[in-house]
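Enquirer: Enclosed is the structure file model-v5.txt (compact mmCIF, C-alpha atoms).
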```txt
# COMPACT_ATOMS: atom_id res chain seq x y z
CA MET A 1 -54.21 -34.82 -66.18
CA GLY A 2 -51.93 -31.77 -66.17
CA LEU A 3 -49.61 -30.78 -63.37
CA PHE A 4 -51.67 -29.38 -60.45
CA SER A 5 -54.54 -28.93 -62.91
CA SER A 6 -57.30 -28.20 -60.37
CA LEU A 7 -55.29 -25.42 -58.66
CA SER A 8 -54.14 -24.10 -62.03
CA GLU A 9 -57.72 -24.00 -63.34
CA ARG A 10 -58.97 -22.23 -60.21
CA LEU A 11 -56.25 -19.56 -60.43
CA SER A 12 -56.87 -19.07 -64.17
CA HIS A 13 -60.57 -18.52 -63.46
CA ILE A 14 -59.81 -15.94 -60.72
CA PHE A 15 -57.31 -14.12 -62.94
CA SER A 16 -59.60 -14.06 -65.98
CA LYS A 17 -62.14 -12.12 -63.89
CA LEU A 18 -59.43 -9.64 -62.84
CA THR A 19 -58.05 -9.06 -66.34
CA LYS A 20 -61.50 -8.41 -67.81
CA ARG A 21 -61.84 -5.27 -65.69
CA GLY A 22 -60.15 -2.08 -66.83
CA LYS A 23 -59.62 -0.79 -63.29
CA LEU A 24 -59.60 -2.61 -59.97
CA THR A 25 -60.84 -1.36 -56.61
CA GLU A 26 -59.26 -2.34 -53.32
CA LEU A 27 -62.38 -4.38 -52.55
CA GLU A 28 -62.07 -6.35 -55.83
CA ILE A 29 -58.42 -7.17 -55.08
CA LYS A 30 -59.39 -8.29 -51.54
CA GLU A 31 -62.10 -10.55 -52.96
CA ALA A 32 -59.61 -12.07 -55.46
CA MET A 33 -57.12 -12.67 -52.62
CA ARG A 34 -59.83 -14.43 -50.59
CA GLU A 35 -60.57 -16.69 -53.58
CA ILE A 36 -56.85 -17.43 -54.11
CA ARG A 37 -56.53 -18.33 -50.40
CA ILE A 38 -59.44 -20.79 -50.69
CA ALA A 39 -57.88 -22.28 -53.86
CA LEU A 40 -54.54 -22.76 -52.06
CA LEU A 41 -56.16 -24.41 -49.04
CA GLU A 42 -58.18 -26.73 -51.28
CA ALA A 43 -54.91 -27.67 -53.00
CA ASP A 44 -53.69 -28.74 -49.53
CA VAL A 45 -51.26 -25.88 -49.03
CA ASN A 46 -50.25 -25.52 -45.36
CA LEU A 47 -52.58 -23.04 -43.60
CA SER A 48 -49.89 -20.71 -42.25
CA VAL A 49 -48.07 -20.78 -45.62
CA ALA A 50 -51.31 -19.82 -47.43
CA LYS A 51 -52.00 -16.99 -44.95
CA GLN A 52 -48.49 -15.59 -45.24
CA PHE A 53 -48.63 -15.86 -49.04
CA ILE A 54 -51.90 -13.89 -49.27
CA ARG A 55 -50.62 -11.30 -46.78
CA ALA A 56 -47.46 -10.73 -48.85
CA VAL A 57 -49.35 -10.41 -52.17
CA SER A 58 -52.12 -8.24 -50.66
CA GLU A 59 -49.67 -5.72 -49.19
CA LYS A 60 -48.12 -5.16 -52.62
CA ALA A 61 -51.37 -5.45 -54.59
CA VAL A 62 -53.19 -2.53 -52.96
CA GLY A 63 -50.36 -0.10 -53.68
CA VAL A 64 -51.11 3.01 -55.77
CA ASP A 65 -49.01 1.65 -58.68
CA ILE A 66 -51.30 -1.34 -59.07
CA LEU A 67 -54.61 0.43 -58.58
CA GLU A 68 -53.70 3.18 -61.05
CA SER A 69 -51.99 0.91 -63.56
CA LEU A 70 -53.41 0.49 -67.06
CA THR A 71 -53.42 -3.30 -66.59
CA PRO A 72 -54.04 -3.88 -62.86
CA GLY A 73 -55.16 -7.50 -63.43
CA GLN A 74 -51.88 -8.36 -65.16
CA GLN A 75 -49.95 -6.63 -62.36
CA VAL A 76 -51.70 -8.76 -59.73
CA ILE A 77 -50.85 -11.94 -61.71
CA LYS A 78 -47.22 -10.77 -61.87
CA LEU A 79 -47.19 -10.32 -58.07
CA VAL A 80 -48.72 -13.77 -57.49
CA ASN A 81 -46.12 -15.26 -59.86
CA GLU A 82 -43.23 -13.56 -58.03
CA GLU A 83 -44.56 -14.63 -54.63
CA LEU A 84 -45.01 -18.25 -55.80
CA ILE A 85 -41.39 -18.32 -57.01
CA SER A 86 -40.20 -16.92 -53.68
CA LEU A 87 -42.35 -19.44 -51.75
CA MET A 88 -40.76 -22.38 -53.59
CA GLY A 89 -37.21 -21.14 -53.07
CA SER A 90 -36.49 -18.56 -55.82
CA THR A 91 -33.82 -20.51 -57.71
CA HIS A 92 -32.92 -24.10 -58.60
CA THR A 93 -30.61 -25.63 -55.97
CA LYS A 94 -27.93 -27.84 -57.49
CA LEU A 95 -26.46 -30.96 -55.90
CA ALA A 96 -23.48 -30.41 -53.62
CA ILE A 97 -20.23 -31.93 -54.90
CA ALA A 98 -17.56 -33.33 -52.55
CA PRO A 99 -14.17 -31.52 -52.72
CA SER A 100 -12.57 -34.94 -53.28
CA PRO A 101 -14.60 -37.86 -54.67
CA PRO A 102 -16.78 -39.67 -54.06
CA THR A 103 -19.74 -37.35 -53.48
CA VAL A 104 -22.04 -39.21 -51.07
CA ILE A 105 -25.80 -38.89 -51.57
CA MET A 106 -27.89 -40.49 -48.85
CA MET A 107 -31.45 -41.22 -49.96
CA VAL A 108 -34.06 -41.36 -47.20
CA GLY A 109 -37.85 -41.62 -47.01
CA LEU A 110 -40.84 -43.68 -45.99
CA GLN A 111 -41.88 -46.87 -47.79
CA GLY A 112 -43.98 -46.36 -50.88
CA ALA A 113 -42.68 -42.91 -51.82
CA GLY A 114 -40.59 -44.31 -54.69
CA LYS A 115 -37.15 -43.89 -53.08
CA THR A 116 -35.47 -46.98 -54.61
CA THR A 117 -36.66 -46.13 -58.13
CA MET A 118 -35.55 -42.53 -57.56
CA CYS A 119 -32.02 -43.82 -56.72
CA GLY A 120 -31.93 -45.32 -60.24
CA LYS A 121 -33.35 -42.17 -61.86
CA LEU A 122 -30.76 -40.00 -60.13
CA ALA A 123 -27.93 -42.41 -61.03
CA LYS A 124 -28.99 -42.51 -64.69
CA MET A 125 -29.25 -38.71 -64.85
CA LEU A 126 -25.78 -38.28 -63.28
CA ALA A 127 -24.27 -40.93 -65.58
CA LYS A 128 -25.69 -39.00 -68.55
CA GLN A 129 -23.88 -35.92 -67.21
CA GLY A 130 -20.57 -37.80 -67.31
CA LYS A 131 -20.45 -38.92 -63.68
CA LYS A 132 -19.60 -42.46 -62.53
CA PRO A 133 -22.21 -43.33 -59.88
CA MET A 134 -22.54 -46.46 -57.76
CA LEU A 135 -25.73 -47.50 -55.93
CA VAL A 136 -25.51 -48.94 -52.42
CA ALA A 137 -28.15 -51.36 -51.04
CA CYS A 138 -28.67 -50.46 -47.38
CA ASP A 139 -32.35 -51.40 -47.07
CA ILE A 140 -32.07 -54.86 -45.48
CA TYR A 141 -35.59 -55.11 -44.08
CA ARG A 142 -38.08 -54.78 -46.91
CA PRO A 143 -38.42 -58.10 -48.77
CA ALA A 144 -36.74 -57.93 -52.21
CA ALA A 145 -35.51 -54.34 -51.67
CA ILE A 146 -31.95 -55.34 -52.60
CA LYS A 147 -33.19 -57.22 -55.67
CA GLN A 148 -35.26 -54.19 -56.70
CA LEU A 149 -32.22 -51.91 -56.46
CA GLN A 150 -30.18 -54.39 -58.55
CA ILE A 151 -32.86 -54.41 -61.26
CA VAL A 152 -33.07 -50.60 -61.19
CA GLY A 153 -29.26 -50.37 -61.35
CA GLU A 154 -29.15 -52.74 -64.32
CA ARG A 155 -31.79 -50.71 -66.18
CA ALA A 156 -29.88 -47.49 -65.41
CA GLY A 157 -26.59 -49.09 -66.50
CA VAL A 158 -24.84 -48.45 -63.16
CA SER A 159 -23.10 -50.68 -60.58
CA VAL A 160 -24.81 -51.78 -57.36
CA PHE A 161 -22.88 -52.55 -54.16
CA GLU A 162 -24.63 -54.99 -51.80
CA LYS A 163 -23.66 -57.18 -48.87
CA GLY A 164 -26.96 -58.92 -48.25
CA THR A 165 -28.60 -58.36 -44.88
CA GLN A 166 -25.50 -57.44 -42.89
CA ASN A 167 -25.58 -54.25 -40.78
CA PRO A 168 -26.34 -51.33 -43.16
CA VAL A 169 -23.78 -49.08 -41.46
CA LYS A 170 -21.05 -51.66 -42.19
CA THR A 171 -22.27 -51.98 -45.83
CA ALA A 172 -22.18 -48.18 -46.29
CA LYS A 173 -18.63 -48.03 -44.86
CA GLN A 174 -17.43 -50.82 -47.18
CA ALA A 175 -19.14 -49.20 -50.19
CA LEU A 176 -17.33 -45.93 -49.51
CA ALA A 177 -13.95 -47.72 -49.45
CA GLU A 178 -14.86 -49.64 -52.64
CA ALA A 179 -15.92 -46.45 -54.44
CA LYS A 180 -12.56 -44.82 -53.62
CA ARG A 181 -10.66 -47.93 -54.71
CA LEU A 182 -12.48 -48.30 -58.05
CA GLY A 183 -12.77 -44.60 -58.90
CA TYR A 184 -16.54 -44.05 -58.56
CA ASP A 185 -17.19 -40.32 -58.13
CA THR A 186 -20.75 -40.57 -56.72
CA LEU A 187 -22.19 -42.92 -54.13
CA ILE A 188 -26.01 -43.12 -53.88
CA ILE A 189 -27.09 -44.92 -50.70
CA ASP A 190 -30.57 -46.46 -50.70
CA THR A 191 -31.44 -46.56 -46.99
CA ALA A 192 -34.30 -48.39 -45.29
CA GLY A 193 -37.75 -46.88 -45.17
CA ARG A 194 -40.60 -47.68 -42.81
CA LEU A 195 -44.36 -47.32 -43.08
CA HIS A 196 -44.08 -44.76 -40.25
CA ILE A 197 -41.26 -42.74 -38.71
CA ASN A 198 -39.87 -44.43 -35.60
CA ALA A 199 -36.85 -44.11 -33.28
CA GLU A 200 -35.25 -47.32 -34.55
CA LEU A 201 -35.28 -46.10 -38.17
CA MET A 202 -33.92 -42.68 -37.24
CA LYS A 203 -31.09 -44.16 -35.16
CA GLU A 204 -29.97 -46.32 -38.08
CA LEU A 205 -30.10 -43.37 -40.49
CA LYS A 206 -28.12 -41.20 -38.06
CA ASP A 207 -25.49 -43.98 -37.81
CA VAL A 208 -25.19 -44.23 -41.62
CA LYS A 209 -24.91 -40.43 -41.77
CA ALA A 210 -22.14 -40.40 -39.10
CA GLU A 211 -20.22 -43.16 -40.92
CA THR A 212 -20.42 -41.75 -44.49
CA LYS A 213 -20.63 -37.97 -43.84
CA PRO A 214 -22.94 -37.44 -46.87
CA ASN A 215 -22.74 -34.30 -48.98
CA GLU A 216 -26.47 -34.58 -49.62
CA ILE A 217 -29.30 -36.14 -47.61
CA LEU A 218 -32.25 -36.21 -50.00
CA LEU A 219 -35.71 -37.03 -48.73
CA THR A 220 -38.09 -38.63 -51.24
CA VAL A 221 -41.73 -37.80 -50.53
CA ASP A 222 -44.92 -38.68 -52.38
CA ALA A 223 -46.58 -35.48 -53.65
CA MET A 224 -49.96 -37.23 -53.66
CA THR A 225 -49.98 -37.41 -49.85
CA GLY A 226 -50.39 -33.61 -49.66
CA GLN A 227 -49.98 -32.23 -46.13
CA ASP A 228 -48.64 -35.59 -44.91
CA ALA A 229 -45.63 -35.04 -47.18
CA VAL A 230 -44.92 -31.77 -45.34
CA THR A 231 -45.25 -33.50 -41.94
CA VAL A 232 -42.85 -36.27 -43.05
CA ALA A 233 -40.36 -33.68 -44.39
CA THR A 234 -40.49 -31.76 -41.10
CA SER A 235 -39.80 -34.93 -39.03
CA PHE A 236 -36.91 -36.12 -41.20
CA ASN A 237 -35.43 -32.62 -41.27
CA GLU A 238 -35.54 -32.28 -37.45
CA GLN A 239 -33.80 -35.65 -36.99
CA LEU A 240 -31.31 -35.69 -39.89
CA ASP A 241 -30.97 -32.08 -41.12
CA ILE A 242 -31.80 -33.04 -44.71
CA SER A 243 -30.26 -31.02 -47.55
CA GLY A 244 -33.16 -31.27 -49.98
CA VAL A 245 -36.38 -32.94 -51.06
CA ILE A 246 -37.36 -35.02 -54.09
CA LEU A 247 -41.10 -34.95 -54.86
CA THR A 248 -42.39 -38.05 -56.64
CA LYS A 249 -45.71 -38.76 -58.39
CA LEU A 250 -46.12 -35.19 -59.59
CA ASP A 251 -47.78 -36.66 -62.66
CA GLY A 252 -50.53 -38.20 -60.54
CA ASP A 253 -53.76 -36.64 -59.33
CA THR A 254 -51.89 -34.37 -56.99
CA ARG A 255 -53.26 -31.19 -55.50
CA GLY A 256 -49.93 -29.38 -55.44
CA GLY A 257 -49.89 -28.33 -51.80
CA ALA A 258 -46.74 -30.26 -50.92
CA ALA A 259 -44.67 -28.51 -53.56
CA LEU A 260 -45.88 -25.12 -52.38
CA SER A 261 -45.44 -25.79 -48.65
CA ILE A 262 -42.31 -27.90 -48.15
CA ARG A 263 -39.74 -25.14 -48.73
CA ALA A 264 -41.63 -22.63 -46.59
CA VAL A 265 -42.14 -25.07 -43.70
CA THR A 266 -38.74 -26.83 -43.62
CA GLY A 267 -36.50 -24.16 -45.16
CA LYS A 268 -35.05 -26.95 -47.37
CA PRO A 269 -35.27 -26.82 -51.18
CA ILE A 270 -37.05 -29.22 -53.52
CA LYS A 271 -34.17 -30.37 -55.76
CA PHE A 272 -35.87 -32.83 -58.13
CA THR A 273 -39.29 -34.07 -59.12
CA GLY A 274 -40.41 -37.47 -60.36
CA ILE A 275 -42.91 -37.11 -63.18
CA GLY A 276 -43.50 -40.68 -64.39
CA GLU A 277 -42.57 -44.34 -64.16
CA LYS A 278 -39.63 -44.44 -66.59
CA LEU A 279 -36.02 -43.95 -65.41
CA GLU A 280 -35.82 -40.80 -67.57
CA ASP A 281 -38.75 -39.26 -65.70
CA ILE A 282 -36.82 -37.00 -63.36
CA GLU A 283 -36.64 -33.20 -63.61
CA ALA A 284 -34.54 -30.64 -61.77
CA PHE A 285 -36.93 -28.42 -59.78
CA HIS A 286 -37.02 -24.79 -60.93
CA PRO A 287 -39.36 -22.61 -58.81
CA ASP A 288 -39.82 -20.05 -61.60
CA ARG A 289 -40.81 -22.71 -64.14
CA MET A 290 -43.15 -24.43 -61.67
CA ALA A 291 -44.86 -21.10 -60.88
CA SER A 292 -45.24 -20.47 -64.61
CA ARG A 293 -46.90 -23.87 -65.10
CA LEU A 294 -49.16 -23.36 -62.11
CA LEU A 295 -50.38 -20.04 -63.48
CA GLY A 296 -51.04 -21.54 -66.91
CA MET A 297 -48.23 -19.56 -68.55
CA GLY A 298 -46.41 -22.61 -69.90
CA ASP A 299 -42.82 -23.66 -69.32
CA VAL A 300 -40.77 -23.07 -72.44
CA LEU A 301 -37.38 -23.85 -70.85
CA THR A 302 -38.32 -27.36 -69.72
CA LEU A 303 -39.88 -27.93 -73.12
CA ILE A 304 -36.57 -26.95 -74.76
CA GLU A 305 -34.67 -29.32 -72.45
CA LYS A 306 -37.02 -32.17 -73.36
CA ALA A 307 -36.53 -31.26 -77.03
CA GLN A 308 -32.78 -31.67 -76.58
CA ASP A 309 -33.34 -35.33 -75.72
CA ALA A 310 -35.82 -35.91 -78.56
CA MET A 311 -34.20 -34.00 -81.44
CA ASP A 312 -30.97 -34.69 -83.19
CA GLU A 313 -28.04 -32.28 -82.86
CA LYS A 314 -28.46 -30.80 -86.35
CA GLU A 315 -32.15 -30.03 -85.83
CA LEU A 316 -31.43 -28.51 -82.44
CA LYS A 317 -28.62 -26.28 -83.74
CA LYS A 318 -30.97 -24.94 -86.41
CA LEU A 319 -33.65 -24.21 -83.84
CA GLU A 320 -31.15 -22.58 -81.48
CA LYS A 321 -29.96 -20.27 -84.26
CA LYS A 322 -33.54 -19.24 -85.00
CA PHE A 323 -34.22 -18.48 -81.32
CA LYS A 324 -31.11 -16.33 -81.10
CA GLU A 325 -31.78 -14.45 -84.33
CA GLN A 326 -35.51 -14.26 -83.58
CA LYS A 327 -36.32 -15.90 -86.91
CA PHE A 328 -38.69 -18.50 -85.46
CA THR A 329 -41.57 -18.80 -87.96
CA LEU A 330 -44.95 -20.53 -88.06
CA GLU A 331 -43.29 -23.25 -90.18
CA ASP A 332 -40.91 -23.95 -87.29
CA TYR A 333 -43.86 -23.87 -84.92
CA LEU A 334 -45.61 -26.49 -87.04
CA ALA A 335 -42.49 -28.68 -87.01
CA GLN A 336 -42.47 -28.51 -83.20
CA PHE A 337 -45.96 -29.99 -83.03
CA ASP A 338 -44.65 -32.99 -84.96
CA SER A 339 -41.79 -33.36 -82.45
CA LEU A 340 -44.19 -33.35 -79.49
CA LYS A 341 -45.00 -37.06 -79.58
CA LYS A 342 -41.32 -37.99 -79.43
CA MET A 343 -40.91 -35.92 -76.29
CA GLY A 344 -43.22 -37.76 -73.88
CA ASN A 345 -46.74 -37.33 -72.55
CA VAL A 346 -48.50 -34.96 -74.97
CA GLU A 347 -50.75 -33.55 -72.26
CA ASP A 348 -47.83 -32.58 -69.99
CA LEU A 349 -46.00 -31.05 -72.93
CA MET A 350 -49.02 -29.05 -74.04
CA GLY A 351 -49.20 -27.69 -70.51
CA MET A 352 -45.75 -26.19 -71.12
CA ILE A 353 -46.81 -24.29 -74.25
CA PRO A 354 -47.98 -20.73 -73.55
CA GLY A 355 -51.64 -20.39 -74.50
CA LEU A 356 -52.30 -24.13 -74.34
CA ALA A 357 -51.27 -24.41 -70.69
CA LYS A 358 -54.62 -23.19 -69.37
CA LYS A 359 -56.55 -25.60 -71.55
CA VAL A 360 -54.88 -28.73 -70.17
CA GLY A 361 -56.85 -30.22 -67.33
CA ARG A 362 -58.69 -33.16 -65.91
CA GLY A 363 -60.51 -35.14 -68.60
CA LYS A 364 -59.57 -32.74 -71.41
CA MET A 365 -56.96 -34.84 -73.18
CA GLU A 366 -59.22 -35.60 -76.15
CA ILE A 367 -60.04 -31.93 -76.69
CA ASP A 368 -56.37 -31.02 -76.49
CA GLU A 369 -55.38 -33.59 -79.11
CA SER A 370 -58.05 -32.28 -81.49
CA ARG A 371 -56.98 -28.70 -80.72
CA LEU A 372 -53.45 -29.61 -81.73
CA ALA A 373 -54.75 -31.05 -85.01
CA ARG A 374 -56.78 -27.85 -85.67
CA MET A 375 -53.74 -25.67 -85.00
CA LYS A 376 -51.73 -27.72 -87.49
CA ALA A 377 -54.56 -27.42 -90.05
CA ILE A 378 -54.58 -23.61 -89.66
CA ILE A 379 -50.84 -23.31 -90.34
CA GLN A 380 -51.02 -25.79 -93.22
CA SER A 381 -53.78 -23.69 -94.84
CA MET A 382 -51.53 -20.62 -94.97
CA THR A 383 -49.33 -19.69 -97.91
CA PRO A 384 -45.52 -20.08 -97.42
CA LYS A 385 -45.29 -16.27 -97.29
CA GLU A 386 -47.92 -16.07 -94.52
CA ARG A 387 -46.12 -18.73 -92.48
CA LYS A 388 -42.86 -16.81 -92.72
CA ASN A 389 -44.47 -13.40 -92.05
CA PRO A 390 -47.67 -13.84 -90.01
CA GLU A 391 -47.93 -10.07 -89.57
CA THR A 392 -48.96 -9.83 -93.25
CA ILE A 393 -52.15 -11.87 -92.60
CA LYS A 394 -55.15 -9.57 -93.13
CA ALA A 395 -58.84 -10.15 -92.28
CA SER A 396 -59.60 -11.40 -95.82
CA HIS A 397 -56.68 -13.88 -95.59
CA LYS A 398 -58.05 -15.18 -92.27
CA LYS A 399 -61.39 -15.92 -93.93
CA ARG A 400 -59.63 -18.02 -96.58
CA ILE A 401 -57.48 -19.82 -93.97
CA ALA A 402 -60.56 -20.55 -91.81
CA ASN A 403 -62.39 -22.07 -94.80
CA GLY A 404 -59.35 -24.09 -95.84
CA SER A 405 -58.73 -25.49 -92.34
CA GLY A 406 -62.33 -25.92 -91.22
CA THR A 407 -61.73 -23.61 -88.26
CA SER A 408 -62.89 -20.14 -87.17
CA ILE A 409 -61.27 -16.70 -87.41
CA GLN A 410 -61.27 -16.62 -83.60
CA GLU A 411 -59.13 -19.81 -83.52
CA ILE A 412 -56.72 -18.25 -86.06
CA ASN A 413 -56.42 -15.14 -83.88
CA GLN A 414 -55.76 -17.34 -80.82
CA LEU A 415 -53.02 -19.26 -82.65
CA LEU A 416 -51.31 -16.07 -83.85
CA LYS A 417 -51.46 -14.58 -80.35
CA GLN A 418 -50.05 -17.76 -78.85
CA PHE A 419 -47.27 -17.85 -81.46
CA GLU A 420 -46.30 -14.25 -80.60
CA GLN A 421 -46.28 -15.16 -76.89
CA THR A 422 -43.93 -18.06 -77.56
CA LYS A 423 -41.68 -15.88 -79.72
CA GLY A 424 -41.61 -13.27 -76.97
CA LEU A 425 -40.50 -15.88 -74.45
CA MET A 426 -37.85 -17.21 -76.84
CA LYS A 427 -36.54 -13.66 -77.24
CA GLN A 428 -36.46 -13.20 -73.47
CA PHE A 429 -34.62 -16.48 -72.84
CA SER A 430 -32.13 -16.17 -75.69
CA GLY A 431 -31.15 -12.59 -74.93
CA SER A 432 -27.64 -11.81 -73.84
CA GLY A 433 -28.65 -10.18 -70.57
CA LYS A 434 -28.22 -11.93 -67.24
CA ARG A 435 -31.97 -12.51 -66.82
CA GLY A 436 -32.32 -13.86 -70.34
CA ARG A 437 -29.58 -16.46 -70.01
CA ARG A 438 -30.74 -17.88 -66.71
CA GLY A 439 -31.33 -21.60 -67.07
CA LEU A 440 -31.07 -21.64 -70.86
CA PRO A 441 -29.83 -25.11 -71.73
CA PHE A 442 -27.73 -24.19 -74.75
```
Spit out the file's structure as structure tokens when you get a sec.
Expert:
Amino acid sequence: MGLFSSLSERLSHIFSKLTKRGKLTELEIKEAMREIRIALLEADVNLSVAKQFIRAVSEKAVGVDILESLTPGQQVIKLVNEELISLMGSTHTKLAIAPSPPTVIMMVGLQGAGKTTMCGKLAKMLAKQGKKPMLVACDIYRPAAIKQLQIVGERAGVSVFEKGTQNPVKTAKQALAEAKRLGYDTLIIDTAGRLHINAELMKELKDVKAETKPNEILLTVDAMTGQDAVTVATSFNEQLDISGVILTKLDGDTRGGAALSIRAVTGKPIKFTGIGEKLEDIEAFHPDRMASRLLGMGDVLTLIEKAQDAMDEKELKKLEKKFKEQKFTLEDYLAQFDSLKKMGNVEDLMGMIPGLAKKVGRGKMEIDESRLARMKAIIQSMTPKERKNPETIKASHKKRIANGSGTSIQEINQLLKQFEQTKGLMKQFSGSGKRGRRGLPF
């Protein structure tokens, strides 16, 4: 199941109809906008957010430039992409750092959203970045909550401060003093959740906030709860003035509406997403990358970041050099397929590869795996010269490659087109211009 696959598939279907037409009339654009609005609402996007989104795209889409453009369909997709990025907050919002340590991060949320596990994920990620975090157990009500945090802390390799079931405000105060004394630079406070928001919970959270003066108040919400996640975010924001949101269970059967609505409704950014059960399964939230995935355009930057964790330094340096010098060949492409399995869930990863992104969807895992094998077979059936210089492949060569790999000429053409798309993105992201460098991990 790919990220937001049902919404992504619906949008891809709408766009494929647009791009097939040479010219677009105002009526055709209006019809496409109506379909996009329905797709957004079915994905559980907030009604007023969906209306505003369609209004913003429509105003730009019926301009003379679009209607008279040579590729009006592509122009409309570009507008939808830009508007999606804007809707989700334009740029990645980093964690605030205290002028003098420790930085205090207060984690809040309802029960069942995955807050305690997220404390461990965040701590592990920060420790990997060279920070020295300490977890604080301030959930004294849920049975075994303290024990769970200790287990999570142990797995993450970080210290846990706990004082049993004493008043959480007192525990938070003592933890802050302890962190200063022992030189911890980040304090992550796991506060109590409830099944529902109530005055008692909010009073306690306000007291912890007043005592520790946190630099960040991060609300963990379950993406699978759709519009409820937006309602929860609104309530917590009104009471506590949260600084950001962490969306968990983005790998589940989620419709995507929460991610598209939370920023617009609360004005607060999504800072991280949880995309699996393991402690490594946390990603910084980048609106541009999320929009790209939603529109089936892939997400090369996140793929590169995942590759950094899976590949050794030497391999990575070689790949980096090829990106920069634009010498990325089909042989390198083939090698990347072999690295995929080391990098996590193959389906999610394939959703990040331009060209494959649209093919990843509910129940299609088997097809995708076989597609990967066919792509490998195509490249392996080429001569070394063809792999290095795919532009030299003529029609007669394609016939030979198709016979050798048991595939069709159409599949070879698709692969070559996809390879060029990937190369184009690499060129864009490894350029020296300001736009090209944005977010590049090396």
Enquirer: As a ChimeraX atom specification, please: the residues near A:Arg155 (cut-off 9 Å, all atoms listed in the file, same-chain neighbours under 4 positions excluded).
Expert: /A:120,124,150-151,279
Enquirer: Hey, which of A:Lys94, A:Lys30, A:Lys115, A:Lys203 ends up closest to A:Gly274? Count all atoms listed in the file.
Expert: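 Of A:Lys94, A:Lys30, A:Lys115, A:Lys203, the one nearest A:Gly274, counting all atoms listed in the file, is A:Lys115.
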Enquirer: Hey, can you check how far atom CA of A:Asp44 sits from atom CA of A:Pro72?
Expert: 28.2 Å
Enquirer: Atom CA of A:Ile270 to atom CA of A:Thr225: how many Å, to one decimal?
Expert: 15.7 Å
Enquirer: Hey, can you check how far atom CA of A:Lys209 sits from atom CA of A:Ala172?
Expert: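 Atom-to-atom, atom CA of A:Lys209 to atom CA of A:Ala172, that is 9.4 Å.
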Enquirer: For stretch 407-411 of chain A, list every protein, DNA or RNA residue within 10 Å, evaluated using all atoms listed in the file, and leave out those in the same chain fewer than 3 positions away; present the list as a list in words.
Expert: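 Skipping anything fewer than 3 positions along the chain leaves Arg371, Arg374, Met375, Ala377, Ile378, Ala395, His397, Lys398, Lys399, Arg400, Ile401, Ala402, Asn403, Gly404, Gln414, Leu415, Leu416 and Lys417 of chain A.
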Enquirer: To box stretch 286-291 of chain A, take all atoms listed in the file, fit an axis-aligned box, add 3 Å on each side, and give centre and edge lengths in Å to one decimal, as lines of an AutoDock Vina configuration file.
Expert:
```
center_x = -40.9
center_y = -22.4
center_z = -61.5
size_x = 13.8
size_y = 10.7
size_z = 11.3
```
Enquirer: Taking into account all atoms listed in the file, which residue in the set A:Val45, A:Phe285, A:Lys322, A:Phe419 is nearest to A:Ser90?
Expert: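 Of the candidates, the smallest distance to A:Ser90 is held by A:Phe285.
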